[in-house]
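Source file: final_22.txt; contents: compact mmCIF, C-alpha atoms and all ligand atoms.
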```txt
# COMPACT_ATOMS: atom_id res chain seq x y z
CA MET A 5 120.05 114.91 75.89
CA THR A 6 119.40 111.33 74.87
CA ARG A 7 115.97 109.86 74.59
CA ASN A 8 116.32 106.51 76.25
CA THR A 9 114.78 104.07 73.81
CA HIS A 10 114.71 100.33 74.28
CA GLU A 11 117.27 99.90 71.48
CA SER A 12 119.77 102.45 72.72
CA ARG A 13 119.77 101.15 76.32
CA THR A 14 121.06 97.76 75.26
CA GLN A 15 124.33 99.38 74.21
CA MET A 16 124.62 101.52 77.31
CA PRO A 17 126.88 100.62 80.23
CA LEU A 18 125.22 99.87 83.57
CA HIS A 19 124.77 102.95 85.71
CA SER A 20 124.67 103.53 89.43
CA ILE A 21 122.74 105.79 91.74
CA ASP A 22 124.62 108.15 94.07
CA VAL A 23 125.38 105.96 97.08
CA ALA A 24 126.23 108.76 99.52
CA ARG A 25 123.15 110.82 98.64
CA LEU A 26 120.80 107.85 99.08
CA THR A 27 122.25 106.51 102.33
CA GLY A 28 122.67 110.06 103.70
CA ARG A 29 119.01 110.85 103.12
CA ILE A 30 117.85 107.55 104.64
CA ARG A 31 119.83 108.38 107.78
CA GLU A 32 118.64 111.99 107.81
CA LEU A 33 114.96 111.06 107.50
CA GLY A 34 115.57 108.41 110.15
CA GLU A 35 116.54 111.11 112.64
CA ILE A 36 113.21 112.94 112.22
CA GLY A 37 110.61 111.96 114.79
CA ARG A 38 112.76 110.60 117.60
CA ASP A 39 111.64 111.01 121.21
CA PRO A 40 114.02 111.89 124.06
CA GLN A 41 114.79 108.18 124.51
CA GLY A 42 115.82 108.02 120.84
CA GLN A 43 112.80 106.00 119.65
CA LEU A 44 111.66 106.74 116.09
CA THR A 45 107.89 107.14 115.60
CA ARG A 46 106.24 109.02 112.73
CA LEU A 47 102.59 107.97 112.88
CA ALA A 48 100.38 109.21 110.05
CA GLY A 49 99.11 112.76 110.50
CA SER A 50 101.27 113.47 113.55
CA ASP A 51 103.68 116.38 114.07
CA ASN A 52 106.53 113.94 113.45
CA ASP A 53 104.92 112.87 110.18
CA LYS A 54 104.71 116.54 109.18
CA ALA A 55 108.41 117.02 109.90
CA GLY A 56 109.32 113.99 107.77
CA ARG A 57 107.02 115.10 104.96
CA ASP A 58 108.47 118.61 105.00
CA ARG A 59 111.97 117.26 104.59
CA PHE A 60 110.88 114.96 101.76
CA VAL A 61 109.04 117.74 99.91
CA GLY A 62 112.15 119.90 100.30
CA TRP A 63 114.18 117.21 98.53
CA LEU A 64 111.57 116.94 95.75
CA GLU A 65 111.77 120.69 95.20
CA THR A 66 115.56 120.69 95.20
CA ALA A 67 115.45 117.94 92.58
CA GLY A 68 113.30 120.22 90.40
CA LEU A 69 110.22 117.97 90.51
CA GLU A 70 106.64 119.13 90.30
CA VAL A 71 105.05 118.47 93.72
CA ALA A 72 101.40 117.40 94.00
CA ILE A 73 99.55 116.52 97.20
CA ASP A 74 96.09 114.99 97.09
CA PRO A 75 93.31 115.35 99.70
CA ILE A 76 94.37 112.22 101.60
CA GLY A 77 97.91 113.59 101.86
CA ASN A 78 99.63 111.36 99.30
CA ILE A 79 102.70 113.23 98.04
CA PHE A 80 103.91 112.97 94.43
CA GLY A 81 107.14 114.26 92.91
CA ILE A 82 106.55 114.35 89.16
CA TRP A 83 109.32 114.45 86.57
CA ARG A 84 108.00 115.18 83.09
CA ASP A 85 108.80 117.34 80.10
CA GLU A 86 106.90 118.62 77.09
CA GLY A 87 107.88 115.58 75.06
CA ASN A 88 106.53 112.93 77.42
CA ALA A 89 103.88 114.71 79.51
CA ASP A 90 100.98 113.08 77.66
CA ALA A 91 102.18 109.55 78.32
CA ALA A 92 101.07 107.57 81.39
CA PRO A 93 103.89 107.71 83.94
CA VAL A 94 106.02 105.06 85.53
CA MET A 95 105.30 105.43 89.23
CA LEU A 96 107.72 104.41 91.99
CA GLY A 97 107.32 104.82 95.71
CA SER A 98 106.23 103.56 99.10
CA HIS A 99 105.55 105.36 102.41
CA ILE A 100 107.36 107.48 105.00
CA ASP A 101 105.04 106.98 107.98
CA THR A 102 106.38 104.47 110.54
CA VAL A 103 105.25 102.09 113.26
CA ILE A 104 105.96 102.85 116.93
CA ASN A 105 109.67 102.57 117.79
CA ALA A 106 110.52 101.88 114.17
CA GLY A 107 113.60 101.23 112.09
CA ILE A 108 114.71 103.69 109.42
CA TYR A 109 114.30 101.62 106.24
CA ASP A 110 110.69 100.38 106.10
CA GLY A 111 109.02 102.42 103.34
CA CYS A 112 111.54 105.27 103.46
CA TYR A 113 114.08 103.26 101.49
CA GLY A 114 111.66 102.76 98.58
CA VAL A 115 110.62 106.41 98.51
CA LEU A 116 114.14 107.81 98.73
CA ALA A 117 115.54 105.29 96.25
CA ALA A 118 112.79 106.30 93.82
CA LEU A 119 113.81 109.95 94.16
CA GLU A 120 117.43 108.86 93.75
CA VAL A 121 116.59 107.03 90.50
CA ILE A 122 114.94 110.14 89.08
CA GLU A 123 117.83 112.39 90.08
CA THR A 124 120.34 109.92 88.61
CA LEU A 125 118.50 109.81 85.29
CA LYS A 126 118.16 113.59 85.25
CA GLY A 127 121.84 113.98 86.07
CA ARG A 128 122.78 111.77 83.14
CA GLY A 129 120.65 113.83 80.76
CA VAL A 130 118.32 110.91 80.07
CA VAL A 131 114.79 111.87 79.07
CA PRO A 132 112.52 108.83 79.34
CA ASP A 133 109.61 108.32 76.98
CA ARG A 134 107.31 108.54 79.99
CA PRO A 135 107.12 110.78 83.07
CA VAL A 136 108.59 109.16 86.16
CA VAL A 137 106.87 109.84 89.48
CA VAL A 138 107.90 109.21 93.08
CA ALA A 139 104.96 108.68 95.47
CA ALA A 140 104.84 108.68 99.27
CA PHE A 141 101.47 107.28 100.33
CA THR A 142 99.69 108.28 103.55
CA ASN A 143 99.22 105.91 106.51
CA GLU A 144 100.68 102.77 105.01
CA GLU A 145 101.41 101.34 108.44
CA GLY A 146 97.86 101.59 109.74
CA VAL A 147 99.09 101.91 113.33
CA ARG A 148 97.14 105.09 114.07
CA TYR A 149 94.34 104.71 111.48
CA ALA A 150 92.92 101.45 110.08
CA PRO A 151 93.06 100.11 107.49
CA ASP A 152 96.74 100.05 106.58
CA MET A 153 97.70 101.19 103.05
CA LEU A 154 94.91 103.74 103.43
CA GLY A 155 96.41 106.45 101.19
CA SER A 156 97.04 104.10 98.27
CA LEU A 157 93.63 102.44 98.80
CA VAL A 158 91.96 105.84 98.41
CA TYR A 159 94.18 106.60 95.42
CA VAL A 160 92.86 103.59 93.50
CA GLY A 161 89.24 104.33 94.44
CA GLY A 162 88.98 101.46 96.94
CA LEU A 163 87.73 103.70 99.75
CA PRO A 164 85.73 106.94 99.32
CA ILE A 165 87.77 109.98 100.29
CA GLU A 166 85.09 111.21 102.74
CA ALA A 167 85.11 107.90 104.61
CA ALA A 168 88.91 107.89 104.70
CA LEU A 169 89.11 111.45 106.03
CA ALA A 170 86.55 110.59 108.73
CA THR A 171 88.64 107.67 110.05
CA ILE A 172 89.04 107.79 113.82
CA GLY A 173 92.50 106.99 115.13
CA THR A 174 93.57 104.86 118.08
CA ASP A 175 94.00 108.16 120.00
CA GLY A 176 90.53 109.45 119.04
CA SER A 177 91.90 111.85 116.40
CA VAL A 178 90.25 112.26 112.99
CA LEU A 179 92.56 111.67 110.03
CA GLY A 180 91.13 114.51 107.90
CA GLU A 181 91.51 117.00 110.75
CA GLU A 182 95.07 115.90 111.38
CA LEU A 183 95.99 116.24 107.70
CA GLU A 184 94.52 119.79 107.69
CA ARG A 185 96.38 120.61 110.89
CA ILE A 186 99.77 119.53 109.55
CA GLY A 187 99.17 121.17 106.17
CA TYR A 188 98.96 118.01 104.07
CA ALA A 189 95.31 117.97 103.00
CA GLY A 190 96.21 118.81 99.41
CA ASP A 191 94.06 119.85 96.50
CA ALA A 192 95.39 117.61 93.73
CA GLU A 193 92.69 115.46 92.20
CA PRO A 194 92.50 112.03 93.89
CA GLY A 195 93.98 109.41 91.56
CA LEU A 196 95.52 112.23 89.51
CA LEU A 197 97.94 110.02 87.55
CA ARG A 198 97.06 106.59 86.24
CA PRO A 199 100.40 104.79 86.10
CA HIS A 200 101.58 102.80 83.10
CA ALA A 201 103.43 100.71 85.67
CA TYR A 202 104.21 100.87 89.40
CA VAL A 203 107.37 99.47 91.01
CA GLU A 204 108.01 99.50 94.76
CA LEU A 205 111.44 98.80 96.20
CA HIS A 206 111.37 97.69 99.85
CA ILE A 207 113.40 95.88 102.44
CA GLU A 208 112.25 92.27 102.72
CA GLN A 209 111.40 92.51 106.44
CA GLY A 210 111.87 88.76 106.68
CA PRO A 211 114.77 86.26 106.72
CA VAL A 212 114.60 84.55 103.33
CA LEU A 213 117.03 86.54 101.14
CA GLU A 214 119.73 86.71 103.81
CA ARG A 215 119.38 83.04 104.77
CA GLU A 216 119.48 81.84 101.18
CA GLY A 217 122.16 84.24 99.98
CA PHE A 218 120.16 86.24 97.42
CA ALA A 219 120.69 89.98 96.87
CA ILE A 220 117.35 90.66 95.18
CA GLY A 221 113.81 89.40 95.62
CA ALA A 222 111.58 89.64 92.54
CA VAL A 223 108.25 89.80 94.34
CA GLU A 224 105.50 88.13 92.36
CA ASN A 225 102.66 88.07 94.89
CA LEU A 226 101.59 89.30 98.32
CA GLN A 227 99.59 87.49 100.95
CA GLY A 228 96.05 88.33 102.06
CA ILE A 229 95.55 90.32 105.26
CA SER A 230 92.69 90.14 107.75
CA TRP A 231 92.55 92.57 110.70
CA GLN A 232 89.90 92.36 113.43
CA ARG A 233 89.36 93.98 116.81
CA VAL A 234 87.89 91.61 119.42
CA THR A 235 86.14 92.86 122.54
CA ILE A 236 85.37 90.45 125.38
CA ASP A 237 83.03 91.45 128.19
CA GLY A 238 83.20 89.52 131.44
CA VAL A 239 82.60 90.51 135.07
CA ALA A 240 85.08 92.33 137.31
CA ASN A 241 85.44 90.58 140.65
CA HIS A 242 87.84 90.05 143.53
CA ALA A 243 91.00 88.14 142.57
CA GLY A 244 91.31 86.58 146.01
CA THR A 245 87.77 85.62 146.88
CA THR A 246 86.29 84.41 143.59
CA PRO A 247 86.75 80.64 143.05
CA MET A 248 88.21 79.75 139.65
CA ALA A 249 85.01 78.01 138.56
CA MET A 250 82.89 81.08 139.32
CA ARG A 251 84.67 83.62 137.13
CA ASN A 252 83.69 85.41 133.95
CA ASP A 253 87.25 86.35 133.16
CA ALA A 254 87.66 88.42 129.99
CA GLY A 255 91.45 88.25 130.31
CA LEU A 256 91.56 84.48 130.44
CA ALA A 257 89.25 84.24 127.44
CA ALA A 258 91.58 86.57 125.51
CA ALA A 259 94.60 84.47 126.42
CA ARG A 260 92.85 81.30 125.22
CA ILE A 261 92.16 82.91 121.85
CA GLY A 262 95.81 83.87 121.32
CA LEU A 263 96.87 80.34 122.18
CA PHE A 264 94.19 78.82 119.95
CA LEU A 265 95.50 80.68 116.90
CA ARG A 266 99.04 79.44 117.44
CA GLU A 267 97.99 75.83 117.99
CA HIS A 268 95.46 75.80 115.17
CA ILE A 269 98.04 77.02 112.63
CA ALA A 270 100.65 74.54 113.88
CA LEU A 271 98.19 71.66 113.44
CA SER A 272 96.94 72.82 110.04
CA ASN A 273 100.47 72.78 108.59
CA ALA A 274 99.65 75.93 106.57
CA PRO A 275 101.96 78.92 106.02
CA SER A 276 99.35 81.14 107.72
CA VAL A 277 100.52 83.58 110.39
CA ALA A 278 98.50 85.07 113.26
CA THR A 279 99.43 87.92 115.60
CA VAL A 280 97.74 89.43 118.64
CA GLY A 281 99.64 92.73 118.56
CA THR A 282 97.61 94.85 120.95
CA MET A 283 95.78 93.89 124.15
CA ARG A 284 94.10 96.03 126.82
CA PHE A 285 92.39 94.93 130.00
CA GLU A 286 89.89 96.84 132.09
CA PRO A 287 90.08 97.82 134.86
CA ASP A 288 93.72 96.70 134.44
CA ALA A 289 94.48 96.07 138.09
CA ILE A 290 96.52 93.29 139.70
CA ASN A 291 93.80 92.11 142.06
CA VAL A 292 90.72 92.49 139.84
CA ILE A 293 89.46 89.88 137.36
CA PRO A 294 89.33 91.72 134.00
CA SER A 295 85.82 92.86 133.08
CA ARG A 296 86.90 93.65 129.55
CA ALA A 297 89.67 92.62 127.17
CA THR A 298 90.15 94.39 123.86
CA PHE A 299 92.71 93.09 121.43
CA THR A 300 93.56 92.94 117.73
CA VAL A 301 94.05 89.88 115.54
CA ASP A 302 96.17 90.05 112.37
CA LEU A 303 95.78 86.95 110.15
CA ARG A 304 97.66 86.46 106.89
CA ASP A 305 97.99 83.78 104.21
CA PRO A 306 99.02 83.86 100.53
CA ASP A 307 95.95 81.77 99.68
CA GLU A 308 92.48 83.34 99.92
CA ASP A 309 90.67 80.05 100.60
CA ARG A 310 93.02 79.16 103.44
CA LEU A 311 92.67 82.65 104.90
CA GLN A 312 88.90 82.25 104.88
CA VAL A 313 89.16 78.85 106.57
CA LEU A 314 91.36 80.40 109.27
CA GLU A 315 88.92 83.26 109.81
CA ALA A 316 86.06 80.76 110.11
CA ALA A 317 88.03 78.65 112.62
CA LEU A 318 88.61 81.74 114.74
CA ALA A 319 84.92 82.70 114.56
CA ASP A 320 83.90 79.19 115.70
CA PHE A 321 86.39 79.30 118.55
CA LEU A 322 85.06 82.68 119.73
CA VAL A 323 81.59 81.14 120.09
CA ARG A 324 83.05 78.22 122.04
CA VAL A 325 85.12 80.41 124.38
CA ALA A 326 82.18 82.73 125.03
CA ALA A 327 80.11 79.76 126.19
CA GLU A 328 82.87 78.08 128.20
CA GLU A 329 84.06 81.25 129.97
CA GLY A 330 80.65 82.91 130.42
CA VAL A 331 81.69 86.06 128.55
CA GLU A 332 80.33 88.06 125.61
CA ILE A 333 82.47 88.50 122.54
CA SER A 334 82.05 90.99 119.72
CA VAL A 335 84.21 91.51 116.64
CA GLU A 336 84.88 94.58 114.51
CA ARG A 337 86.52 94.24 111.10
CA LEU A 338 89.43 96.69 110.67
CA ALA A 339 90.90 95.60 107.34
CA ARG A 340 90.50 92.80 104.80
CA PHE A 341 92.60 92.54 101.68
CA GLN A 342 92.80 89.51 99.40
CA PRO A 343 96.14 88.10 98.22
CA VAL A 344 97.50 89.93 95.17
CA GLY A 345 99.41 88.57 92.15
CA PHE A 346 101.87 91.00 90.55
CA ASP A 347 102.63 91.65 86.88
CA GLN A 348 104.81 88.93 85.32
CA CYS A 349 106.43 91.30 82.78
CA ILE A 350 107.69 93.59 85.54
CA VAL A 351 108.83 90.62 87.61
CA GLU A 352 110.81 89.43 84.56
CA ALA A 353 112.26 92.93 84.09
CA ILE A 354 113.42 92.84 87.73
CA GLU A 355 115.06 89.44 87.19
CA ALA A 356 116.74 90.66 83.99
CA SER A 357 118.00 93.81 85.73
CA ALA A 358 119.38 91.83 88.65
CA LYS A 359 121.14 89.50 86.22
CA ALA A 360 122.58 92.43 84.26
CA HIS A 361 124.06 93.71 87.53
CA GLY A 362 125.44 90.28 88.39
CA LEU A 363 123.09 89.95 91.36
CA LYS A 364 121.47 86.68 92.42
CA SER A 365 117.69 86.99 92.56
CA ARG A 366 114.82 84.73 93.47
CA ARG A 367 111.08 85.07 93.15
CA MET A 368 109.18 85.49 96.37
CA THR A 369 105.93 86.29 98.14
CA SER A 370 105.60 89.41 100.27
CA GLY A 371 104.57 88.64 103.83
CA ALA A 372 104.03 92.32 104.61
CA GLY A 373 101.34 94.60 103.25
CA HIS A 374 102.50 97.29 100.82
CA ASP A 375 101.07 100.15 98.80
CA ALA A 376 101.93 98.06 95.72
CA GLN A 377 99.01 95.73 96.53
CA MET A 378 96.61 98.67 96.12
CA ILE A 379 98.20 100.19 93.03
CA ALA A 380 98.08 96.71 91.43
CA ARG A 381 94.32 97.30 91.10
CA ILE A 382 94.89 100.02 88.49
CA ALA A 383 98.30 99.34 86.92
CA PRO A 384 100.82 96.58 86.20
CA THR A 385 102.80 96.38 89.43
CA ALA A 386 105.62 94.46 91.10
CA MET A 387 108.10 94.83 93.94
CA ILE A 388 111.83 94.49 94.50
CA PHE A 389 113.09 93.26 97.88
CA VAL A 390 116.56 93.53 99.41
CA PRO A 391 117.77 91.53 102.43
CA SER A 392 116.93 92.48 106.01
CA ARG A 393 119.60 91.57 108.57
CA ASP A 394 118.33 88.74 110.78
CA GLY A 395 114.93 89.22 109.13
CA ILE A 396 114.11 91.95 111.66
CA SER A 397 111.67 94.79 110.92
CA HIS A 398 109.15 96.97 112.76
CA ASN A 399 111.96 97.25 115.26
CA PRO A 400 114.81 99.77 115.67
CA ARG A 401 117.24 96.92 114.90
CA GLU A 402 115.98 96.86 111.32
CA HIS A 403 119.08 96.98 109.10
CA THR A 404 120.10 96.47 105.50
CA GLU A 405 123.74 96.65 104.45
CA PRO A 406 124.59 99.73 102.35
CA ALA A 407 125.80 97.47 99.52
CA ASP A 408 122.38 95.80 99.46
CA LEU A 409 120.59 99.17 99.52
CA VAL A 410 122.64 100.29 96.54
CA ALA A 411 122.11 97.01 94.68
CA GLY A 412 118.33 97.33 95.07
CA ALA A 413 118.31 100.96 93.98
CA ASN A 414 120.43 100.13 90.92
CA VAL A 415 118.04 97.36 89.96
CA LEU A 416 115.18 99.85 90.32
CA LEU A 417 117.10 102.29 88.11
CA ASP A 418 117.61 99.64 85.47
CA VAL A 419 113.99 98.46 85.66
CA VAL A 420 112.79 102.04 85.16
CA GLU A 421 115.01 102.39 82.11
CA ARG A 422 113.47 99.23 80.70
CA ILE A 423 109.82 99.97 81.36
CA ALA A 424 109.77 103.74 80.79
CA CYS A 425 110.84 103.17 77.19
CA ARG A 426 108.82 102.86 74.05
CA GLY A 427 108.59 99.22 73.12
CA TRP A 428 107.82 97.99 76.63
CA LYS A 429 104.33 96.61 77.10
CA GLY A 430 101.78 98.56 75.08
CA ASN A 431 103.80 101.68 74.26
C1 LIG B 1 102.70 96.79 107.07
O1 LIG B 1 103.81 97.09 107.48
C2 LIG B 1 102.14 95.50 107.41
O2 LIG B 1 101.52 95.39 108.48
O3 LIG B 1 102.38 94.52 106.69
MN MN B 2 106.59 99.30 104.52
MN MN B 3 105.80 98.52 107.98
```
I need this file expressed as structure tokens, please.
Amino acid sequence: MTRNTHESRTQMPLHSIDVARLTGRIRELGEIGRDPQGQLTRLAGSDNDKAGRDRFVGWLETAGLEVAIDPIGNIFGIWRDEGNADAAPVMLGSHIDTVINAGIYDGCYGVLAALEVIETLKGRGVVPDRPVVVAAFTNEEGVRYAPDMLGSLVYVGGLPIEAALATIGTDGSVLGEELERIGYAGDAEPGLLRPHAYVELHIEQGPVLEREGFAIGAVENLQGISWQRVTIDGVANHAGTTPMAMRNDAGLAAARIGLFLREHIALSNAPSVATVGTMRFEPDAINVIPSRATFTVDLRDPDEDRLQVLEAALADFLVRVAAEEGVEISVERLARFQPVGFDQCIVEAIEASAKAHGLKSRRMTSGAGHDAQMIARIAPTAMIFVPSRDGISHNPREHTEPADLVAGANVLLDVVERIACRGWKGN
């Protein structure tokens, strides 16, 4: 066995993860949770989530890792030995829950590549100076339970466990009851391991790396996220007999708000993005003016001040629309996370690892939310991105070339070797 010190690694050749094992597991996990039409959906706490978790825990056990599950269902595969058990671990990971009709890479790639890194190091007989841990955090997507990144938020103490377990889902389910039901309400202490560093490998989910010809993104920050649910109450009336000027049309008011966001951002020339991703009308009938519209608004910007300005512009517009359309509008906050800056030393380690592997890298901002933004509250953190074909994600067409998956995992491997060694940042 070789203890992998900073000095010895500089003489070592570059190593690679096991390509077939990594890509095989990504495909295998991607088959779990498909409906008869072939759509992949593993929402947090669902039966499909349980099936995915079971497979993942099976792989952790086969790899000889210590498995810990905390009360919010976060799963940890811990690799430590007597010599390093007292040191704070290097934590790697992401999530294995999915959106509705998902692709197979979002989150799963980072989790399975983290496991792959540990197995590769173990297989080589390397014993790092620190434990290395793979984490799969609960409900990162936030599709069934808001907020997103809920498991990692609880892990860092940003949301009390009782409040998190009491979260009501879009289907009326209670998260804590669902975790009990599927056998993933664990008994490990919340926040059981305080990482020395956290690194999350993820597909980019956007077009930049592919378009610009880079293999690796060294992610140095992540934009702020604002989620709200808007409810508009109007008056149901006959679609044929009610003159246009005499309507209190909740549907029309909702449509105006969606359009406002698009036009406002275009005029402001900011990199902000706005999405109305869900919309429901009541009574939802072709010949009835909607009495109620309920929809969600997702606003994001890398700059906190700009995000606040956008939120204020929306709030002002809601007042105006309510008056002009004769409707009542109420707003419920679902999530609000400020932009996050990542750790420069880890970002530099990612750049150095990419260079050592002969891979072109560029620094970038994450447009998506990730568990890394929560863990950054308690540990030095950064992310590695690999290209997404056509920039598509949250869609079954999500794809990353195997060569890019391997490149990202090898950079993660190299980064772990750098930062899990004595001599790196405060050892
Ligand atoms: C998580 O996937 C997000 O919404 O950014
Ligand atoms: Mn993700
Ligand atoms: Mn996602």
With 7 Å as the cut-off and only C-alpha atoms and all ligand atoms counted, what is the closest atom pair between each nearby residue of chain A and ligand LIG 1 (chain B)? Distances in Å to one decimal, ordered by chain and number, as JSON lines.
```
{"residue": "A:Glu144", "atom": "CA", "partner": "B:LIG1", "partner_atom": "C1", "distance": 6.6}
{"residue": "A:Glu145", "atom": "CA", "partner": "B:LIG1", "partner_atom": "C1", "distance": 4.9}
{"residue": "A:Asp152", "atom": "CA", "partner": "B:LIG1", "partner_atom": "C1", "distance": 6.8}
{"residue": "A:Gly371", "atom": "CA", "partner": "B:LIG1", "partner_atom": "O3", "distance": 6.9}
{"residue": "A:Ala372", "atom": "CA", "partner": "B:LIG1", "partner_atom": "O3", "distance": 3.4}
{"residue": "A:Gly373", "atom": "CA", "partner": "B:LIG1", "partner_atom": "O3", "distance": 3.6}
{"residue": "A:His374", "atom": "CA", "partner": "B:LIG1", "partner_atom": "C1", "distance": 6.3}
```
Please write the residues from the selection above to a file, keeping C-alpha atoms, as a PDB file, in the coordinates of the input.
```
ATOM      1  CA  GLU A 144     100.680 102.770 105.010  1.00  0.00           C
ATOM      2  CA  GLU A 145     101.410 101.340 108.440  1.00  0.00           C
ATOM      3  CA  ASP A 152      96.740 100.050 106.580  1.00  0.00           C
ATOM      4  CA  GLY A 371     104.570  88.640 103.830  1.00  0.00           C
ATOM      5  CA  ALA A 372     104.030  92.320 104.610  1.00  0.00           C
ATOM      6  CA  GLY A 373     101.340  94.600 103.250  1.00  0.00           C
ATOM      7  CA  HIS A 374     102.500  97.290 100.820  1.00  0.00           C
TER       8      HIS A 374
END
```
Return the single residue from A:Val115, A:Ala240, A:Ala201, A:Ile207 that is closest to ligand MN 3 (chain B), with distances computed using all atoms listed in the file.
-> A:Ile207
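Between atom CA of A:Leu116 and atom CA of A:Val138 the interatomic distance comes to 8.5 Å.
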Hey, which residues come within 10 Å of ligand MN 2 (chain B) if we count only C-alpha atoms and all ligand atoms? Could you give them as a PyMOL selection string?
-> chain A and resi 98-103+109-114+144-145+153+204-209+372-375+397-398
Could you save the residues just selected, with C-alpha atoms, as a PDB file, in the frame of the given file?
```
ATOM      1  CA  SER A  98     106.230 103.560  99.100  1.00  0.00           C
ATOM      2  CA  HIS A  99     105.550 105.360 102.410  1.00  0.00           C
ATOM      3  CA  ILE A 100     107.360 107.480 105.000  1.00  0.00           C
ATOM      4  CA  ASP A 101     105.040 106.980 107.980  1.00  0.00           C
ATOM      5  CA  THR A 102     106.380 104.470 110.540  1.00  0.00           C
ATOM      6  CA  VAL A 103     105.250 102.090 113.260  1.00  0.00           C
ATOM      7  CA  TYR A 109     114.300 101.620 106.240  1.00  0.00           C
ATOM      8  CA  ASP A 110     110.690 100.380 106.100  1.00  0.00           C
ATOM      9  CA  GLY A 111     109.020 102.420 103.340  1.00  0.00           C
ATOM     10  CA  CYS A 112     111.540 105.270 103.460  1.00  0.00           C
ATOM     11  CA  TYR A 113     114.080 103.260 101.490  1.00  0.00           C
ATOM     12  CA  GLY A 114     111.660 102.760  98.580  1.00  0.00           C
ATOM     13  CA  GLU A 144     100.680 102.770 105.010  1.00  0.00           C
ATOM     14  CA  GLU A 145     101.410 101.340 108.440  1.00  0.00           C
ATOM     15  CA  MET A 153      97.700 101.190 103.050  1.00  0.00           C
ATOM     16  CA  GLU A 204     108.010  99.500  94.760  1.00  0.00           C
ATOM     17  CA  LEU A 205     111.440  98.800  96.200  1.00  0.00           C
ATOM     18  CA  HIS A 206     111.370  97.690  99.850  1.00  0.00           C
ATOM     19  CA  ILE A 207     113.400  95.880 102.440  1.00  0.00           C
ATOM     20  CA  GLU A 208     112.250  92.270 102.720  1.00  0.00           C
ATOM     21  CA  GLN A 209     111.400  92.510 106.440  1.00  0.00           C
ATOM     22  CA  ALA A 372     104.030  92.320 104.610  1.00  0.00           C
ATOM     23  CA  GLY A 373     101.340  94.600 103.250  1.00  0.00           C
ATOM     24  CA  HIS A 374     102.500  97.290 100.820  1.00  0.00           C
ATOM     25  CA  ASP A 375     101.070 100.150  98.800  1.00  0.00           C
ATOM     26  CA  SER A 397     111.670  94.790 110.920  1.00  0.00           C
ATOM     27  CA  HIS A 398     109.150  96.970 112.760  1.00  0.00           C
TER      28      HIS A 398
END
```
Identify, on the basis of all atoms listed in the file, every residue whose closest approach to stretch 330-344 of chain A does not exceed 8 Å; exclude the query and any residue fewer than 2 positions from it along the same chain; express the result as an MDAnalysis selection string.
-> chainID A and resid 150:152 225:239 251:254 257 305:308 322:323 325:328 346 377 380
Selected residue of minimal separation from ligand MN 3 (chain B) among A:Gln43, A:Asn143, A:Gln348, A:Ser20, counting all atoms listed in the file =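 Comparing A:Gln43, A:Asn143, A:Gln348, A:Ser20 against ligand MN 3 (chain B), the winner is A:Asn143.
Between atom CA of A:Asn399 and atom CA of A:Ser156 lies a distance of 23.6 Å.
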